[in-house]
Every structure is written in structure tokens, then in C-alpha cells.
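Content type mmCIF, C-alpha atoms, from the file input38.cif:
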data_data
loop_
_atom_site.label_atom_id
_atom_site.label_comp_id
_atom_site.auth_asym_id
_atom_site.auth_seq_id
_atom_site.Cartn_x
_atom_site.Cartn_y
_atom_site.Cartn_z
CA MET A 113 120.61 109.95 104.95
CA LYS A 114 121.07 106.71 106.88
CA PRO A 115 119.06 103.65 105.89
CA LYS A 116 116.23 102.61 108.18
CA VAL A 117 116.17 99.06 109.53
CA ALA A 118 113.14 97.43 111.16
CA PHE A 119 113.45 94.42 113.42
CA VAL A 120 110.05 92.76 113.36
CA CYS A 121 108.25 89.87 114.98
CA VAL A 122 104.67 89.15 115.88
CA HIS A 123 104.47 90.65 119.39
CA ASN A 124 107.37 93.14 119.43
CA SER A 125 108.10 92.29 123.03
CA CYS A 126 111.40 90.41 123.19
CA ARG A 127 113.82 89.59 120.32
CA SER A 128 112.93 92.56 118.13
CA GLN A 129 113.14 94.90 121.13
CA MET A 130 116.55 93.51 122.05
CA ALA A 131 117.72 93.97 118.45
CA GLU A 132 116.49 97.57 118.37
CA ALA A 133 118.34 98.37 121.61
CA ILE A 134 121.59 96.75 120.44
CA ALA A 135 121.41 98.35 117.00
CA LYS A 136 120.85 101.80 118.52
CA LEU A 137 123.84 101.19 120.79
CA ASN A 138 126.27 99.68 118.27
CA ALA A 139 125.14 100.69 114.78
CA SER A 140 123.46 104.12 115.00
CA ASP A 141 126.36 105.60 113.05
CA VAL A 142 125.38 103.43 110.05
CA PHE A 143 121.59 102.96 110.21
CA GLU A 144 118.46 103.99 112.11
CA ALA A 145 116.87 101.12 114.05
CA TYR A 146 113.22 100.43 114.78
CA SER A 147 111.27 97.45 116.05
CA ALA A 148 107.63 96.56 115.52
CA GLY A 149 105.10 93.75 115.32
CA THR A 150 101.62 92.87 114.09
CA GLU A 151 100.47 92.77 117.72
CA THR A 152 101.76 94.51 120.82
CA ARG A 153 102.15 93.56 124.44
CA PRO A 154 101.40 95.87 127.37
CA GLU A 155 105.10 95.79 128.25
CA ILE A 156 108.40 94.56 126.88
CA ASN A 157 109.45 91.14 128.15
CA GLN A 158 110.90 91.93 131.57
CA THR A 159 113.56 89.22 131.43
CA ALA A 160 114.81 90.70 128.16
CA VAL A 161 114.79 94.14 129.79
CA ARG A 162 116.85 92.85 132.71
CA ILE A 163 119.37 90.93 130.56
CA VAL A 164 119.99 93.92 128.24
CA ASN A 165 120.22 96.27 131.21
CA ASP A 166 122.66 93.99 133.04
CA ARG A 167 124.99 93.82 130.04
CA HIS A 168 124.65 97.29 128.50
CA SER A 169 122.98 99.51 131.13
CA ILE A 170 120.08 100.15 128.74
CA ASN A 171 116.65 100.16 130.37
CA MET A 172 114.34 99.26 127.49
CA ASN A 173 111.34 100.15 129.69
CA GLU A 174 112.53 103.77 129.44
CA THR A 175 113.91 103.84 125.88
CA GLN A 176 111.38 101.75 123.93
CA THR A 177 107.75 100.65 123.70
CA SER A 178 105.94 97.82 121.97
CA LYS A 179 104.91 99.16 118.52
CA LEU A 180 102.83 98.04 115.56
CA ILE A 181 104.39 97.92 112.10
CA ASP A 182 102.10 100.82 111.11
CA ASP A 183 103.68 102.96 113.87
CA ILE A 184 107.17 103.09 112.35
CA PRO A 185 108.38 104.98 109.26
CA GLU A 186 108.99 103.35 105.89
CA VAL A 187 112.14 101.27 106.09
CA ASP A 188 114.87 100.10 103.73
CA VAL A 189 115.71 96.81 105.47
CA VAL A 190 113.43 94.38 107.31
CA ILE A 191 114.88 91.80 109.64
CA THR A 192 112.43 89.18 110.86
CA MET A 193 113.42 87.44 114.05
CA GLY A 194 112.23 83.95 113.18
CA CYS A 195 108.47 84.14 113.61
CA ASN A 196 107.78 81.12 111.40
CA VAL A 197 104.22 81.08 110.06
CA ASP A 198 102.92 84.51 111.11
CA CYS A 199 105.90 86.75 110.35
CA PRO A 200 104.87 90.32 109.58
CA THR A 201 105.58 91.79 106.16
CA LEU A 202 106.72 95.31 105.35
CA LYS A 203 107.70 96.93 102.09
CA CYS A 204 111.51 97.19 101.87
CA GLN A 205 114.54 96.93 99.61
CA HIS A 206 116.19 94.09 101.54
CA ARG A 207 114.69 91.42 103.77
CA GLU A 208 116.22 88.61 105.78
CA ASP A 209 115.17 86.29 108.58
CA TRP A 210 117.51 85.71 111.51
CA GLY A 211 115.76 82.53 112.65
CA LEU A 212 116.09 83.25 116.37
CA ASP A 213 114.10 81.11 118.79
CA ASP A 214 111.93 83.09 121.20
CA PRO A 215 113.45 82.79 124.68
CA SER A 216 110.24 83.96 126.40
CA GLY A 217 109.36 81.78 129.37
CA LYS A 218 112.78 80.11 129.38
CA GLU A 219 115.84 80.38 131.61
CA ASP A 220 118.11 83.43 131.63
CA SER A 221 120.74 81.42 129.74
CA GLU A 222 118.40 81.31 126.72
CA PHE A 223 117.98 85.10 126.80
CA ILE A 224 121.76 85.55 127.09
CA MET A 225 122.33 83.22 124.13
CA THR A 226 119.74 85.15 122.11
CA LEU A 227 121.36 88.47 123.04
CA ASP A 228 124.78 87.11 122.01
CA LEU A 229 123.38 86.11 118.61
CA ILE A 230 121.65 89.46 118.16
CA GLU A 231 124.87 91.33 118.94
CA GLU A 232 126.77 89.25 116.35
CA LYS A 233 124.07 89.66 113.72
CA VAL A 234 123.71 93.42 114.28
CA GLU A 235 127.49 93.81 113.87
CA ASP A 236 127.38 91.77 110.65
CA LEU A 237 124.41 93.77 109.34
CA LYS A 238 126.22 97.02 110.15
CA HIS A 239 129.27 95.80 108.23
CA ARG A 240 127.20 94.73 105.21
CA ILE A 241 125.32 98.04 105.05
CA GLN A 242 128.45 100.10 105.65
CA ASN A 243 130.35 98.28 102.89
CA ASN A 244 127.43 98.29 100.41
CA ILE A 245 127.22 94.51 100.44
CA ILE A 246 123.49 95.05 100.93
CA LYS A 247 122.48 97.23 97.99
CA LEU A 248 120.01 99.92 99.00
#
Just give me the structure as C-alpha cells.
Amino acid sequence: MKPKVAFVCVHNSCRSQMAEAIAKLNASDVFEAYSAGTETRPEINQTAVRIVNDRHSINMNETQTSKLIDDIPEVDVVITMGCNVDCPTLKCQHREDWGLDDPSGKEDSEFIMTLDLIEEKVEDLKHRIQNNIIKL
């Protein structure tokens, strides 16, 4: 059984959604990916949707929704996006914070930089889980 990884932030509308999409694309052979927050938004950040779709042809409007942490299964790994004071908590075996600034309301270049970082970090997480560097 593959470990379950949750990417969480307060609103589950931008960074965590991008991480879920990239993890499902690039790491589904190693772990199951989810995203969630303590609050939801009526829709995923549309700039994030466009940037991910432009690069990977993934339409997050069709593949994902904004979810609460109570709406996802129990997970083994929790990755917080960098929510600072109000970061959600979930029971898990491993937790880390990626410290990503929220690009919401900023230029496309900020979203692209965030996506680049997420892609690198998902690849590193995949490697660490695959090679038992993260003990689960």
C-alpha cells in the first residue's frame, strides 16, 4: 500500500492544489496525493489553474476541488506550504513545511516560480519516500 501525502494550507486554493496536481502527475507511482485546508474557497485560484494547465495540460478545475482537512483520508505525511501562524495540523508520521510564499494576487512570474519550487520539492519528496529516507 502506498503512503498517503497531504499538502495543506489554510485555504486549499493555490499552493496545495498545485502540489497535489504535480504529485499526482509525477509521483503517483510512489505515494497517493491529497490537498486540503482549514477553510475552502469557492474555486481554485484561476491563475494557478492556468499556469499548471499551460505547463502540464492539467485542468485543476476538472481534476480537483477545494477540500477541508476532514474531507481527506488519514495520511502518513503532511506537507504544509508555509502558512505561518495558522497552519493546519493533521495526525501523521512525518511532517515538514515547505515555506512557500503564496503567489495569490501577484504576477504570473511568481506563480511560475512557485510551481518550479513545488516540482523540485515533489521530486525530492518522492525520492525520500521511495528510498526510505522518510521512515513511515
Discussion item. For the PyMOL selection byres ((chain A and resi 128) around 9), applied here, can you spell out every residue it catches as number ranges by chain?
Written reply: A: 118-121, 123-127, 129-133, 146-149, 191-193
Practice prompt. For each of A:Ile224, A:Ile230, A:Met113, A:Ala160, take the minimum atom-to-atom distance to Val142 (chain A), counting all atoms listed in the file, then give the residue where this is smallest.
Written response: A:Met113
Practice prompt. Skip Gly217 (chain A) itself and residues of its chain fewer than 2 positions away, then list as a list in words all residues within 12 Å of it, counting only C-alpha atoms.
Written response: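 Result of the neighbour search: Cys126, Asn157, Gln158, Thr159, Ala160, Asp213, Asp214, Pro215, Glu219, Asp220, Ser221, Glu222 and Phe223 of chain A.
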Item to complete: Let me know the residues the PyMOL selection byres ((chain A and resi 180) around 7) catches in the file above, as a PyMOL selection string.
Response: chain A and resi 148-152+179+181-183
Item to complete: Select, from A:His168, A:Lys233, A:Lys116, A:Lys247, the residue with the minimum atom-to-atom distance to Pro185 (chain A), counting all atoms listed in the file.
Response: A:Lys116
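Applied to the shown file, the PyMOL selection byres ((chain A and resi 167) around 12) selects the residues Met130, Ala133, Ile134, Leu137, Ala160, Val161, Arg162, Ile163, Val164, Asn165, Asp166, His168, Ser169, Ile170, Asn171, Phe223, Ile224, Leu227, Asp228 and Glu231 of chain A.
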Worksheet item: Between A:Gln205, A:Ile245, A:Glu235, A:Thr177, which has the minimum distance to Val189 (chain A) (counting all atoms listed in the file)?
Response: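 Closest residue, counting all atoms listed in the file: A:Gln205.
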Worksheet item: So which one's closest to Leu237 (chain A), A:Gln176, A:Asn138, A:Ser216, A:Ile156? Using all atoms listed in the file, please.
Response: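 Under the stated criterion, the closest residue is A:Asn138.
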Fill in: Coordinates-based distance that separates CA of Leu248 (chain A) from CA of Lys203 (chain A) (Å, one decimal)
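Value for the CA of Lys203 (chain A)-CA of Leu248 (chain A) distance: 13.0 Å.
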Item to complete: May I ask for the distance between CA of Val190 (chain A) and CA of Asp209 (chain A), given in Å to one decimal place?
Response: 8.4 Å
Response to the item:
Students should find that CA of Met172 (chain A) and CA of Pro154 (chain A) are spaced 13.4 Å
